[in-house]
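J.: Structure: run26.cif, mmCIF, C-alpha atoms.
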data_work
loop_
_atom_site.group_PDB
_atom_site.id
_atom_site.type_symbol
_atom_site.label_atom_id
_atom_site.label_comp_id
_atom_site.auth_asym_id
_atom_site.auth_seq_id
_atom_site.Cartn_x
_atom_site.Cartn_y
_atom_site.Cartn_z
ATOM 1 C CA MET F 622 1.471 -6.559 -33.503
ATOM 2 C CA SER F 623 -1.324 -7.970 -31.316
ATOM 3 C CA LYS F 624 1.082 -10.487 -29.735
ATOM 4 C CA ALA F 625 3.482 -7.700 -28.832
ATOM 5 C CA LEU F 626 0.646 -5.686 -27.311
ATOM 6 C CA LEU F 627 -0.473 -8.713 -25.302
ATOM 7 C CA VAL F 628 3.051 -9.299 -24.001
ATOM 8 C CA LEU F 629 3.508 -5.652 -23.024
ATOM 9 C CA THR F 630 0.140 -5.585 -21.247
ATOM 10 C CA SER F 631 0.973 -8.776 -19.351
ATOM 11 C CA VAL F 632 4.345 -7.420 -18.251
ATOM 12 C CA ALA F 633 2.751 -4.177 -17.084
ATOM 13 C CA LEU F 634 0.101 -6.013 -15.063
ATOM 14 C CA LEU F 635 2.684 -8.269 -13.448
ATOM 15 C CA GLY F 636 4.750 -5.232 -12.513
ATOM 16 C CA LEU F 637 1.761 -3.493 -10.959
ATOM 17 C CA SER F 638 0.738 -6.560 -8.985
ATOM 18 C CA GLY F 639 4.258 -6.757 -7.570
ATOM 19 C CA CYS F 640 4.014 -3.161 -6.380
ATOM 20 C CA ALA F 641 0.642 -3.829 -4.753
ATOM 21 C CA ASP F 642 2.086 -6.821 -2.918
ATOM 22 C CA LEU F 643 4.972 -4.714 -1.656
ATOM 23 C CA GLN F 644 2.529 -2.153 -0.222
ATOM 24 C CA SER F 645 0.508 -4.803 1.639
ATOM 25 C CA ASN F 646 3.683 -6.322 3.120
ATOM 26 C CA GLN F 647 4.775 -2.932 4.446
ATOM 27 C CA SER F 648 1.360 -2.406 6.038
ATOM 28 C CA GLY F 649 1.516 -5.822 7.674
ATOM 29 C CA GLN F 650 4.966 -5.062 9.068
ATOM 30 C CA ALA F 651 3.750 -1.774 10.538
ATOM 31 C CA LYS F 652 0.766 -3.502 12.196
ATOM 32 C CA ALA F 653 3.182 -6.000 13.701
ATOM 33 C CA GLY F 654 4.821 -3.040 15.512
ATOM 34 C CA ILE F 655 1.755 -2.335 17.668
ATOM 35 C CA SER F 656 0.959 -4.058 20.958
ATOM 36 C CA ALA F 657 -1.008 -7.299 21.177
ATOM 37 C CA ASN F 658 -3.878 -5.447 22.871
ATOM 38 C CA ALA F 659 -3.979 -2.926 20.040
ATOM 39 C CA ARG F 660 -3.995 -5.701 17.409
ATOM 40 C CA THR F 661 -6.845 -7.443 19.249
ATOM 41 C CA ALA F 662 -8.840 -4.224 19.568
ATOM 42 C CA LEU F 663 -8.294 -3.410 15.897
ATOM 43 C CA ALA F 664 -9.425 -6.877 14.822
ATOM 44 C CA ALA F 665 -12.557 -6.571 16.985
ATOM 45 C CA ALA F 666 -13.324 -3.120 15.563
ATOM 46 C CA GLU F 667 -12.882 -4.398 12.006
ATOM 47 C CA ALA F 668 -15.288 -7.274 12.727
ATOM 48 C CA ASP F 669 -17.875 -4.975 14.357
ATOM 49 C CA VAL F 670 -17.737 -2.490 11.487
ATOM 50 C CA LYS F 671 -17.987 -5.300 8.926
ATOM 51 C CA THR F 672 -21.082 -6.683 10.675
ATOM 52 C CA ALA F 673 -22.720 -3.261 10.881
ATOM 53 C CA LYS F 674 -21.956 -2.559 7.234
ATOM 54 C CA ALA F 675 -23.424 -5.900 6.159
ATOM 55 C CA LYS F 676 -26.690 -5.001 7.924
ATOM 56 C CA ASP F 677 -26.761 -1.416 6.579
ATOM 57 C CA ALA F 678 -26.337 -0.097 10.118
ATOM 58 C CA LEU F 679 -22.877 1.437 9.831
ATOM 59 C CA TRP F 680 -22.554 4.932 11.214
ATOM 60 C CA THR F 681 -20.009 7.221 9.598
ATOM 61 C CA THR F 682 -18.457 7.841 13.013
ATOM 62 C CA ALA F 683 -17.625 4.124 13.253
ATOM 63 C CA ALA F 684 -16.133 4.050 9.767
ATOM 64 C CA ASN F 685 -14.069 7.180 10.453
ATOM 65 C CA ALA F 686 -12.786 5.828 13.772
ATOM 66 C CA LEU F 687 -11.797 2.532 12.129
ATOM 67 C CA LYS F 688 -9.894 4.410 9.425
ATOM 68 C CA ALA F 689 -8.097 6.446 12.099
ATOM 69 C CA ALA F 690 -7.222 3.235 13.969
ATOM 70 C CA GLU F 691 -5.866 1.633 10.802
ATOM 71 C CA ASP F 692 -3.814 4.752 10.032
ATOM 72 C CA ALA F 693 -2.414 4.725 13.569
ATOM 73 C CA ALA F 694 -1.569 1.028 13.214
ATOM 74 C CA GLY F 695 0.360 1.871 10.076
ATOM 75 C CA LYS F 696 2.391 4.361 12.106
ATOM 76 C CA GLY F 697 2.880 1.936 15.003
ATOM 77 C CA ASP F 698 0.871 4.068 17.484
ATOM 78 C CA SER F 699 -0.708 1.494 19.826
ATOM 79 C CA GLU F 700 -2.357 4.058 22.113
ATOM 80 C CA THR F 701 -4.278 5.700 19.265
ATOM 81 C CA VAL F 702 -5.183 2.293 17.810
ATOM 82 C CA LEU F 703 -6.738 1.290 21.142
ATOM 83 C CA LYS F 704 -8.631 4.577 21.483
ATOM 84 C CA GLU F 705 -9.993 4.683 17.928
ATOM 85 C CA SER F 706 -10.768 0.949 17.830
ATOM 86 C CA LYS F 707 -12.853 1.308 20.989
ATOM 87 C CA ILE F 708 -14.788 4.190 19.416
ATOM 88 C CA ALA F 709 -15.305 2.254 16.172
ATOM 89 C CA SER F 710 -16.600 -0.840 17.982
ATOM 90 C CA ASP F 711 -18.875 1.218 20.231
ATOM 91 C CA GLN F 712 -20.372 3.181 17.352
ATOM 92 C CA ALA F 713 -20.824 0.060 15.200
ATOM 93 C CA GLN F 714 -22.611 -1.737 18.051
ATOM 94 C CA LYS F 715 -24.867 1.261 18.616
ATOM 95 C CA GLY F 716 -25.728 1.293 14.921
ATOM 96 C CA LEU F 717 -26.689 -2.377 15.152
ATOM 97 C CA ALA F 718 -28.751 -1.725 18.291
ATOM 98 C CA GLN F 719 -30.604 1.041 16.464
ATOM 99 C CA LEU F 720 -32.033 -1.592 14.113
ATOM 100 C CA ASN F 721 -34.177 -2.806 17.037
ATOM 101 C CA TYR F 722 -35.728 0.597 17.684
ATOM 102 C CA PRO F 723 -39.400 0.920 16.755
ATOM 103 C CA VAL F 724 -40.227 2.555 13.461
ATOM 104 C CA LEU F 725 -41.498 6.086 13.874
ATOM 105 C CA LYS F 726 -44.485 6.907 11.694
ATOM 106 C CA VAL F 727 -45.061 10.524 10.802
ATOM 107 C CA GLY F 728 -48.488 11.598 9.587
ATOM 108 C CA ASN F 729 -51.357 9.265 8.701
#
Would you put the structure from the file into structure tokens?

T.:
Amino acid sequence: MSKALLVLTSVALLGLSGCADLQSNQSGQAKAGISANARTALAAAEADVKTAKAKDALWTTAANALKAAEDAAGKGDSETVLKESKIASDQAQKGLAQLNYPVLKVGN
């Protein structure tokens, strides 16, 4: 009984991992449909957002713009990818710059 359960679980997990791989391949194919400039801008935005997130300086506007850029890349919309990637990078860099602002003390 336990061997049969183990086999069924293994088969189910293998099936699910195959579906996940199929989804990532489709996303990669859609990103290949955008312009080289859009791919470069998206990669830069992803790096900027990752850096800001690692330093706890990520603004939600940067995260939202990156998500919009990734969604547009999935649809093959280079113009929107460029626009949203620029916003994401700008907002992430501003969040990082904010770390250098002086601390404001309120009260005693």

J.: Could you please determine the separation between atom CA of F:Thr681 and atom CA of F:Ser706 in Å, to one decimal place?

T.: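 If I compute the distance from atom CA of F:Thr681 to atom CA of F:Ser706, I get 13.9 Å.
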
J.: Going by the chain IDs and residue numbers used in this file, which residues fall under the PyMOL selection byres ((chain F and resi 707) around 10)? Write them as a PyMOL selection string.

T.: chain F and resi 659+662-663+665-666+683+686-687+690+701-706+708-713

J.: Looking at F:Val670, F:Leu679, F:Ala664, F:Ile655, which one is nearest to F:Gly716, with distances taken over all atoms listed in the file?

T.: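 Closest candidate: F:Leu679.
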
J.: One decimal, Å: what's the distance from atom CA of F:Ala673 over to atom CA of F:Gln714, could you say?

T.: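 Rounded to one decimal, the two atoms are 7.3 Å apart.
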
J.: For atom CA of F:Ser699 and atom CA of F:Thr661, determine how far apart the two atoms are, in Å to one decimal place.

T.: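 Result for atom CA of F:Ser699 versus atom CA of F:Thr661: 10.9 Å, one decimal.
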
J.: Might I get the box with edges along x, y and z of the file that holds all atoms of stretch 682-694 of chain F listed there, padded by 4 Å on every side, given as centre and edge lengths in Å to one decimal, as AutoDock Vina command-line options?

T.:
--center_x -10.0 --center_y 4.4 --center_z 11.7 --size_x 24.9 --size_y 14.8 --size_z 12.5

J.: Between F:Ala678, F:Ala657, F:Ala668, F:Ala689, which has the minimum distance to F:Ala718 (counting only C-alpha atoms)?

T.: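 The shortest atom-to-atom distance to F:Ala718 comes from F:Ala678.
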
J.: F:Pro723, F:Asn729, F:Leu717, F:Asp692: which is nearest F:Lys676, counting all atoms listed in the file?

T.: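 So, comparing all the options, the nearest one is F:Leu717.
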
J.: Measuring between all atoms listed in the file, which one of F:Gly654, F:Glu667, F:Leu720, F:Glu700 shows the shortest distance to F:Asn685?

T.: F:Glu667

J.: Using all atoms listed in the file, pick whichever of F:Lys674, F:Trp680, F:Lys688, F:Gly697 has the shortest atom-to-atom distance to F:Arg660.

T.: F:Gly697
